[in-house]
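> Below you'll find model.pdb; it's PDB, C-alpha atoms, pLDDT in the B column.
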ATOM      1  CA  MET A1392     162.453 163.481  84.531  1.00 72.00           C
ATOM      2  CA  LEU A1393     158.959 162.046  84.022  1.00 85.00           C
ATOM      3  CA  ASN A1394     156.043 164.386  84.625  1.00 82.00           C
ATOM      4  CA  ARG A1395     153.633 162.764  87.128  1.00 90.00           C
ATOM      5  CA  PRO A1396     154.536 159.202  86.158  1.00 90.00           C
ATOM      6  CA  PHE A1397     152.296 156.166  86.272  1.00 94.00           C
ATOM      7  CA  GLN A1398     153.288 152.491  86.176  1.00 95.00           C
ATOM      8  CA  ALA A1399     152.520 150.228  83.254  1.00 95.00           C
ATOM      9  CA  GLN A1400     152.787 146.533  84.085  1.00 95.00           C
ATOM     10  CA  ILE A1401     153.513 144.392  81.055  1.00 94.00           C
ATOM     11  CA  GLY A1402     153.911 140.732  81.902  1.00 92.00           C
ATOM     12  CA  SER A1403     156.547 140.377  84.610  1.00 93.00           C
ATOM     13  CA  TYR A1404     157.967 143.868  83.958  1.00 96.00           C
ATOM     14  CA  SER A1405     156.930 147.412  84.847  1.00 96.00           C
ATOM     15  CA  LEU A1406     157.815 150.784  83.342  1.00 96.00           C
ATOM     16  CA  SER A1407     157.116 154.335  84.466  1.00 96.00           C
ATOM     17  CA  LEU A1408     155.431 156.497  81.851  1.00 96.00           C
ATOM     18  CA  PRO A1409     154.723 160.233  81.924  1.00 96.00           C
ATOM     19  CA  GLU A1410     151.171 161.385  82.628  1.00 95.00           C
ATOM     20  CA  SER A1411     150.888 162.628  79.030  1.00 94.00           C
ATOM     21  CA  ALA A1412     151.549 159.172  77.562  1.00 96.00           C
ATOM     22  CA  GLU A1413     148.720 157.460  75.711  1.00 96.00           C
ATOM     23  CA  ILE A1414     148.933 153.675  76.001  1.00 96.00           C
ATOM     24  CA  SER A1415     147.005 151.037  74.094  1.00 95.00           C
ATOM     25  CA  CYS A1416     147.288 147.330  73.497  1.00 94.00           C
ATOM     26  CA  ASP A1417     146.640 145.510  70.246  1.00 90.00           C
ATOM     27  CA  ILE A1418     145.765 141.848  70.429  1.00 87.00           C
ATOM     28  CA  GLU A1419     146.650 139.698  67.441  1.00 82.00           C
ATOM     29  CA  LYS A1420     144.472 136.636  67.167  1.00 78.00           C
ATOM     30  CA  PRO A1421     146.132 133.328  66.393  1.00 74.00           C
ATOM     31  CA  SER A1422     146.813 132.704  62.759  1.00 71.00           C
ATOM     32  CA  GLU A1423     146.233 129.360  61.110  1.00 71.00           C
ATOM     33  CA  GLY A1424     148.563 126.758  62.575  1.00 69.00           C
ATOM     34  CA  TYR A1425     149.402 128.850  65.657  1.00 68.00           C
ATOM     35  CA  ALA A1426     147.366 128.758  68.834  1.00 69.00           C
ATOM     36  CA  VAL A1427     149.000 131.762  70.517  1.00 73.00           C
ATOM     37  CA  VAL A1428     147.551 135.237  70.954  1.00 78.00           C
ATOM     38  CA  HIS A1429     150.193 137.989  70.663  1.00 80.00           C
ATOM     39  CA  THR A1430     149.913 141.359  72.388  1.00 88.00           C
ATOM     40  CA  HIS A1431     151.629 144.560  71.363  1.00 93.00           C
ATOM     41  CA  TRP A1432     151.546 147.714  73.489  1.00 95.00           C
ATOM     42  CA  VAL A1433     151.837 151.138  71.874  1.00 96.00           C
ATOM     43  CA  VAL A1434     152.814 154.182  73.926  1.00 97.00           C
ATOM     44  CA  LEU A1435     152.473 157.601  72.287  1.00 96.00           C
ATOM     45  CA  ILE A1436     154.584 160.342  73.853  1.00 94.00           C
ATOM     46  CA  GLY A1437     154.508 163.600  71.940  1.00 92.00           C
ATOM     47  CA  ARG A1438     156.295 163.086  68.611  1.00 91.00           C
ATOM     48  CA  PHE A1439     157.455 159.599  69.550  1.00 94.00           C
ATOM     49  CA  ARG A1440     155.991 156.113  69.644  1.00 94.00           C
ATOM     50  CA  VAL A1441     157.223 153.253  71.808  1.00 96.00           C
ATOM     51  CA  GLY A1442     156.192 149.761  70.725  1.00 95.00           C
ATOM     52  CA  ILE A1443     156.469 147.088  73.425  1.00 96.00           C
ATOM     53  CA  HIS A1444     156.031 143.340  73.227  1.00 91.00           C
ATOM     54  CA  LEU A1445     156.996 140.273  75.234  1.00 90.00           C
ATOM     55  CA  ASP A1446     158.972 137.409  73.724  1.00 86.00           C
ATOM     56  CA  PRO A1447     159.205 134.074  75.554  1.00 85.00           C
ATOM     57  CA  VAL A1448     161.030 132.347  72.672  1.00 81.00           C
ATOM     58  CA  ASN A1449     163.979 134.430  71.473  1.00 82.00           C
ATOM     59  CA  ASP A1450     167.047 135.671  73.333  1.00 82.00           C
ATOM     60  CA  LEU A1451     169.048 138.903  73.482  1.00 82.00           C
ATOM     61  CA  GLY A1452     171.406 137.802  70.681  1.00 75.00           C
ATOM     62  CA  ASP A1453     168.441 137.642  68.330  1.00 70.00           C
ATOM     63  CA  LEU A1454     168.229 141.463  68.117  1.00 71.00           C
ATOM     64  CA  LYS A1455     171.356 141.510  65.936  1.00 67.00           C
ATOM     65  CA  LYS A1456     170.009 138.651  63.807  1.00 68.00           C
ATOM     66  CA  PHE A1457     166.665 140.430  63.403  1.00 69.00           C
ATOM     67  CA  ILE A1458     168.245 143.730  62.290  1.00 71.00           C
ATOM     68  CA  ASP A1459     170.798 142.019  60.048  1.00 65.00           C
ATOM     69  CA  HIS A1460     167.972 140.118  58.346  1.00 64.00           C
ATOM     70  CA  SER A1461     165.422 142.924  58.073  1.00 68.00           C
ATOM     71  CA  THR A1462     167.148 146.252  57.427  1.00 67.00           C
ATOM     72  CA  LYS A1463     170.915 146.384  57.758  1.00 65.00           C
ATOM     73  CA  SER A1464     173.773 143.928  57.759  1.00 69.00           C
ATOM     74  CA  ASP A1465     176.459 143.113  60.288  1.00 69.00           C
ATOM     75  CA  VAL A1466     175.303 145.606  62.927  1.00 74.00           C
ATOM     76  CA  LYS A1467     176.904 145.832  66.349  1.00 83.00           C
ATOM     77  CA  THR A1468     174.502 145.813  69.278  1.00 82.00           C
ATOM     78  CA  SER A1469     175.560 147.209  72.650  1.00 86.00           C
ATOM     79  CA  SER A1470     175.108 145.462  75.983  1.00 91.00           C
ATOM     80  CA  ILE A1471     173.180 147.376  78.629  1.00 95.00           C
ATOM     81  CA  SER A1472     171.796 146.752  82.092  1.00 96.00           C
ATOM     82  CA  VAL A1473     168.914 148.496  83.860  1.00 97.00           C
ATOM     83  CA  ASN A1474     168.064 147.763  87.483  1.00 96.00           C
ATOM     84  CA  GLY A1475     169.797 144.372  87.301  1.00 95.00           C
ATOM     85  CA  ILE A1476     168.126 143.382  84.020  1.00 95.00           C
ATOM     86  CA  GLY A1477     170.558 142.563  81.213  1.00 94.00           C
ATOM     87  CA  GLY A1478     169.840 143.726  77.711  1.00 92.00           C
ATOM     88  CA  VAL A1479     171.041 144.855  74.309  1.00 92.00           C
ATOM     89  CA  THR A1480     170.338 147.984  72.290  1.00 91.00           C
ATOM     90  CA  TYR A1481     170.734 149.238  68.765  1.00 88.00           C
ATOM     91  CA  GLY A1482     169.702 152.396  66.939  1.00 88.00           C
ATOM     92  CA  ASP A1483     169.814 156.146  67.278  1.00 88.00           C
ATOM     93  CA  TYR A1484     167.983 159.411  66.892  1.00 89.00           C
ATOM     94  CA  ALA A1485     168.478 160.174  63.210  1.00 83.00           C
ATOM     95  CA  SER A1486     166.875 161.675  60.160  1.00 75.00           C
ATOM     96  CA  PRO A1487     164.791 160.539  58.325  1.00 77.00           C
ATOM     97  CA  VAL A1488     164.220 157.563  60.656  1.00 78.00           C
ATOM     98  CA  THR A1489     164.577 157.630  64.430  1.00 86.00           C
ATOM     99  CA  TRP A1490     164.628 153.998  65.510  1.00 87.00           C
ATOM    100  CA  ILE A1491     166.042 152.609  68.768  1.00 92.00           C
ATOM    101  CA  ASP A1492     165.535 149.063  70.064  1.00 90.00           C
ATOM    102  CA  TRP A1493     166.105 147.945  73.643  1.00 95.00           C
ATOM    103  CA  TRP A1494     165.648 144.256  74.444  1.00 89.00           C
ATOM    104  CA  PHE A1495     165.867 143.077  78.067  1.00 95.00           C
ATOM    105  CA  LYS A1496     165.599 139.634  79.575  1.00 92.00           C
ATOM    106  CA  LYS A1497     165.366 138.368  83.117  1.00 93.00           C
ATOM    107  CA  GLY A1498     163.726 135.066  83.826  1.00 89.00           C
ATOM    108  CA  ASP A1499     162.147 133.277  80.903  1.00 88.00           C
ATOM    109  CA  THR A1500     160.538 136.190  79.037  1.00 89.00           C
ATOM    110  CA  MET A1501     162.127 139.079  77.175  1.00 90.00           C
ATOM    111  CA  ILE A1502     160.600 142.557  76.926  1.00 94.00           C
ATOM    112  CA  CYS A1503     161.310 144.425  73.692  1.00 93.00           C
ATOM    113  CA  LEU A1504     160.991 148.201  73.383  1.00 96.00           C
ATOM    114  CA  ASN A1505     161.174 150.067  70.091  1.00 93.00           C
ATOM    115  CA  LEU A1506     161.279 153.884  69.951  1.00 94.00           C
ATOM    116  CA  GLN A1507     160.313 155.568  66.688  1.00 91.00           C
ATOM    117  CA  GLY A1508     159.923 159.194  65.726  1.00 88.00           C
ATOM    118  CA  THR A1509     156.605 160.167  64.207  1.00 84.00           C
ATOM    119  CA  PRO A1510     155.593 161.152  61.634  1.00 76.00           C
ATOM    120  CA  PHE A1511     157.818 159.678  58.928  1.00 69.00           C
ATOM    121  CA  PRO A1512     160.125 161.099  57.724  1.00 68.00           C
ATOM    122  CA  PHE A1513     161.344 162.408  61.076  1.00 67.00           C
ATOM    123  CA  GLU A1514     163.583 165.346  60.305  1.00 70.00           C
ATOM    124  CA  GLU A1515     163.801 167.252  63.582  1.00 77.00           C
ATOM    125  CA  HIS A1516     166.246 166.062  66.194  1.00 83.00           C
ATOM    126  CA  PRO A1517     164.732 165.452  69.621  1.00 89.00           C
ATOM    127  CA  THR A1518     165.113 168.049  72.316  1.00 90.00           C
ATOM    128  CA  GLU A1519     167.248 167.348  75.389  1.00 93.00           C
ATOM    129  CA  LYS A1520     163.992 167.100  77.364  1.00 94.00           C
ATOM    130  CA  GLU A1521     162.603 164.433  75.015  1.00 93.00           C
ATOM    131  CA  VAL A1522     165.815 162.384  75.164  1.00 93.00           C
ATOM    132  CA  ALA A1523     165.872 162.648  78.972  1.00 95.00           C
ATOM    133  CA  GLU A1524     162.238 161.502  79.090  1.00 95.00           C
ATOM    134  CA  HIS A1525     162.986 158.461  76.902  1.00 95.00           C
ATOM    135  CA  GLN A1526     166.025 157.599  79.039  1.00 96.00           C
ATOM    136  CA  ALA A1527     163.912 157.908  82.188  1.00 96.00           C
ATOM    137  CA  ILE A1528     161.315 155.507  80.770  1.00 97.00           C
ATOM    138  CA  VAL A1529     163.920 152.890  79.839  1.00 97.00           C
ATOM    139  CA  GLY A1530     165.749 153.496  83.139  1.00 97.00           C
ATOM    140  CA  SER A1531     162.534 152.831  85.091  1.00 97.00           C
ATOM    141  CA  LEU A1532     162.277 149.217  83.879  1.00 97.00           C
ATOM    142  CA  LYS A1533     161.817 146.768  86.739  1.00 97.00           C
ATOM    143  CA  TYR A1534     161.464 143.011  86.835  1.00 96.00           C
ATOM    144  CA  LEU A1535     158.535 141.954  89.019  1.00 93.00           C
ATOM    145  CA  GLY A1536     159.406 138.280  89.188  1.00 85.00           C
ATOM    146  CA  SER A1537     158.196 135.141  87.568  1.00 70.00           C
ATOM    147  CA  MET A1538     154.500 135.030  86.735  1.00 56.00           C
ATOM    148  CA  THR A1539     154.558 131.230  87.127  1.00 52.00           C
ATOM    149  CA  ALA A1540     152.988 129.911  90.312  1.00 46.00           C
ATOM    150  CA  LYS A1541     155.322 127.802  92.404  1.00 45.00           C
TER     151      LYS A1541
END
Represent the structure from my file as C-alpha cells, please.

Amino acid sequence: MLNRPFQAQIGSYSLSLPESAEISCDIEKPSEGYAVVHTHWVVLIGRFRVGIHLDPVNDLGDLKKFIDHSTKSDVKTSSISVNGIGGVTYGDYASPVTWIDWWFKKGDTMICLNLQGTPFPFEEHPTEKEVAEHQAIVGSLKYLGSMTAK
C-alpha cells in the first residue's frame, strides 16, 4: 500500500517509506557527563509524523514504564511481531492527540517508532488509506543483522 517505496536503513533495521515521505535526522550532541551522541529520525507523511530512534539500553517492557511515568498510569501494552521481530505497542488514532508507539527488539538494539498526528490538536480521524499506509510502514520492518563485526 506504499506508493513507490524506498528503504530507510536505521542501524540494523530497515523500513519501507512512501515516495512522498520526507525524512531527516537530528543529531543530539553529548551533554555534560555523557559521551554518547543520540540520533533521532523524523519522517513526515502527509498529516502525520513518525519519530524513530534506536535504544541499546532499554527493553520492550520499558514502554509501559515510560508511558506510566510520563502521561498515563497502569497502561496495558500489546505484544506484536513483524517479520520475526518481537515488539510491543500502545496508543491509538484519537482526538485531540493521535499517538501510537511501536517498540521492536531483535539482537541487542531496540528500534522505537512513534506516530503522531499533526498539527496539534488533531481532530480529524485518519482515512482508511492513511491507516493502511502506516500499517504498511510498520509491517515492512526488517532486521538486517548485527552491526558488530565478528
> Mind listing whatever residues come within 10 Å of the point (161.0, 161.1, 79.4)? Use all atoms listed in the file, file coordinates, and give them as a list of chain:residue names.
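The residues that fall inside the cut-off are A:Met1392, A:Leu1393, A:Asn1394, A:Pro1396, A:Ser1407, A:Leu1408, A:Pro1409, A:Ala1412, A:Ile1436, A:Glu1519, A:Lys1520, A:Glu1521, A:Val1522, A:Ala1523, A:Glu1524, A:His1525, A:Gln1526, A:Ala1527, A:Ile1528, A:Val1529, A:Gly1530.
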> Going by the chain IDs and residue numbers used in this file, which residues fall under the PyMOL selection byres ((chain A and resi 1534) around 10)? Write them as a VMD selection string.
chain A and resid 1400 to 1406 1473 to 1476 1495 to 1498 1502 1532 to 1533 1535 to 1537
> Evaluate the PyMOL selection byres ((chain A and resi 1493) around 10) on the structure here and hand back the selected residues as a PDB file with C-alpha atoms, in the frame of the given file.

ATOM      1  CA  ILE A1443     156.469 147.088  73.425  1.00 96.00           C
ATOM      2  CA  LEU A1451     169.048 138.903  73.482  1.00 82.00           C
ATOM      3  CA  LEU A1454     168.229 141.463  68.117  1.00 71.00           C
ATOM      4  CA  THR A1468     174.502 145.813  69.278  1.00 82.00           C
ATOM      5  CA  SER A1469     175.560 147.209  72.650  1.00 86.00           C
ATOM      6  CA  SER A1470     175.108 145.462  75.983  1.00 91.00           C
ATOM      7  CA  ILE A1471     173.180 147.376  78.629  1.00 95.00           C
ATOM      8  CA  GLY A1478     169.840 143.726  77.711  1.00 92.00           C
ATOM      9  CA  VAL A1479     171.041 144.855  74.309  1.00 92.00           C
ATOM     10  CA  THR A1480     170.338 147.984  72.290  1.00 91.00           C
ATOM     11  CA  TYR A1481     170.734 149.238  68.765  1.00 88.00           C
ATOM     12  CA  GLY A1482     169.702 152.396  66.939  1.00 88.00           C
ATOM     13  CA  ILE A1491     166.042 152.609  68.768  1.00 92.00           C
ATOM     14  CA  ASP A1492     165.535 149.063  70.064  1.00 90.00           C
ATOM     15  CA  TRP A1494     165.648 144.256  74.444  1.00 89.00           C
ATOM     16  CA  PHE A1495     165.867 143.077  78.067  1.00 95.00           C
ATOM     17  CA  ILE A1502     160.600 142.557  76.926  1.00 94.00           C
ATOM     18  CA  CYS A1503     161.310 144.425  73.692  1.00 93.00           C
ATOM     19  CA  LEU A1504     160.991 148.201  73.383  1.00 96.00           C
ATOM     20  CA  ASN A1505     161.174 150.067  70.091  1.00 93.00           C
ATOM     21  CA  LEU A1506     161.279 153.884  69.951  1.00 94.00           C
ATOM     22  CA  VAL A1529     163.920 152.890  79.839  1.00 97.00           C
TER      23      VAL A1529
END
> Using all atoms listed in the file, which of the listed residues (A:Asp1417, A:Asp1483, A:Glu1515, A:Asp1499) sits closest to Asp1446 of chain A?
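Looking only at the distances to Asp1446 of chain A, the closest residue turns out to be A:Asp1499.
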> Hey, which of A:Gln1398, A:Thr1489, A:Thr1500, A:Thr1509 ends up closest to Phe1439 of chain A? Count only C-alpha atoms.
A:Thr1509
> Given the point (153.7, 155.9, 72.5) in the coordinates of this file, which residues lie within 9 Å, counting all atoms listed in the file, and how would they look as number ranges by chain?
A: 1412-1415, 1432-1442, 1506-1507
> Find, counting all atoms listed in the file, the residue in A:Val1448, A:Gly1477, A:Ser1411, A:Tyr1484 that gets nearest to Thr1518 of chain A.
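For Thr1518 of chain A, the nearest of the candidates is A:Tyr1484.
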> Just how far from atom CA of Pro1510 of chain A is atom CA of Lys1467 of chain A, in Å to one decimal?
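So the answer is 26.7 Å.
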> Quick one: pull the distance between atom CA of Ser1422 of chain A and atom CA of Pro1447 of chain A, Å, one decimal.
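Taking atom CA of Ser1422 of chain A and atom CA of Pro1447 of chain A, their separation equals 17.9 Å.
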> I need the residue nearest Leu1445 of chain A from this list: A:Ala1399, A:Val1428, A:Met1501, A:Val1466. Use only C-alpha atoms for the distance.
A:Met1501
> Using Å and a single decimal, report how far atom CA of His1444 of chain A sits from atom CA of Val1427 of chain A.
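Going from atom CA of Val1427 of chain A over to atom CA of His1444 of chain A, I get 13.8 Å.
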> As lines of an AutoDock Vina configuration file, please report the centre and edge lengths, rounded to one decimal in Å, of the axis-aligned box that holds all listed atoms of segment 1494-1504 of chain A with 4 Å of padding on each of the six sides.

center_x = 163.2
center_y = 140.7
center_z = 78.6
size_x = 13.3
size_y = 22.9
size_z = 18.4
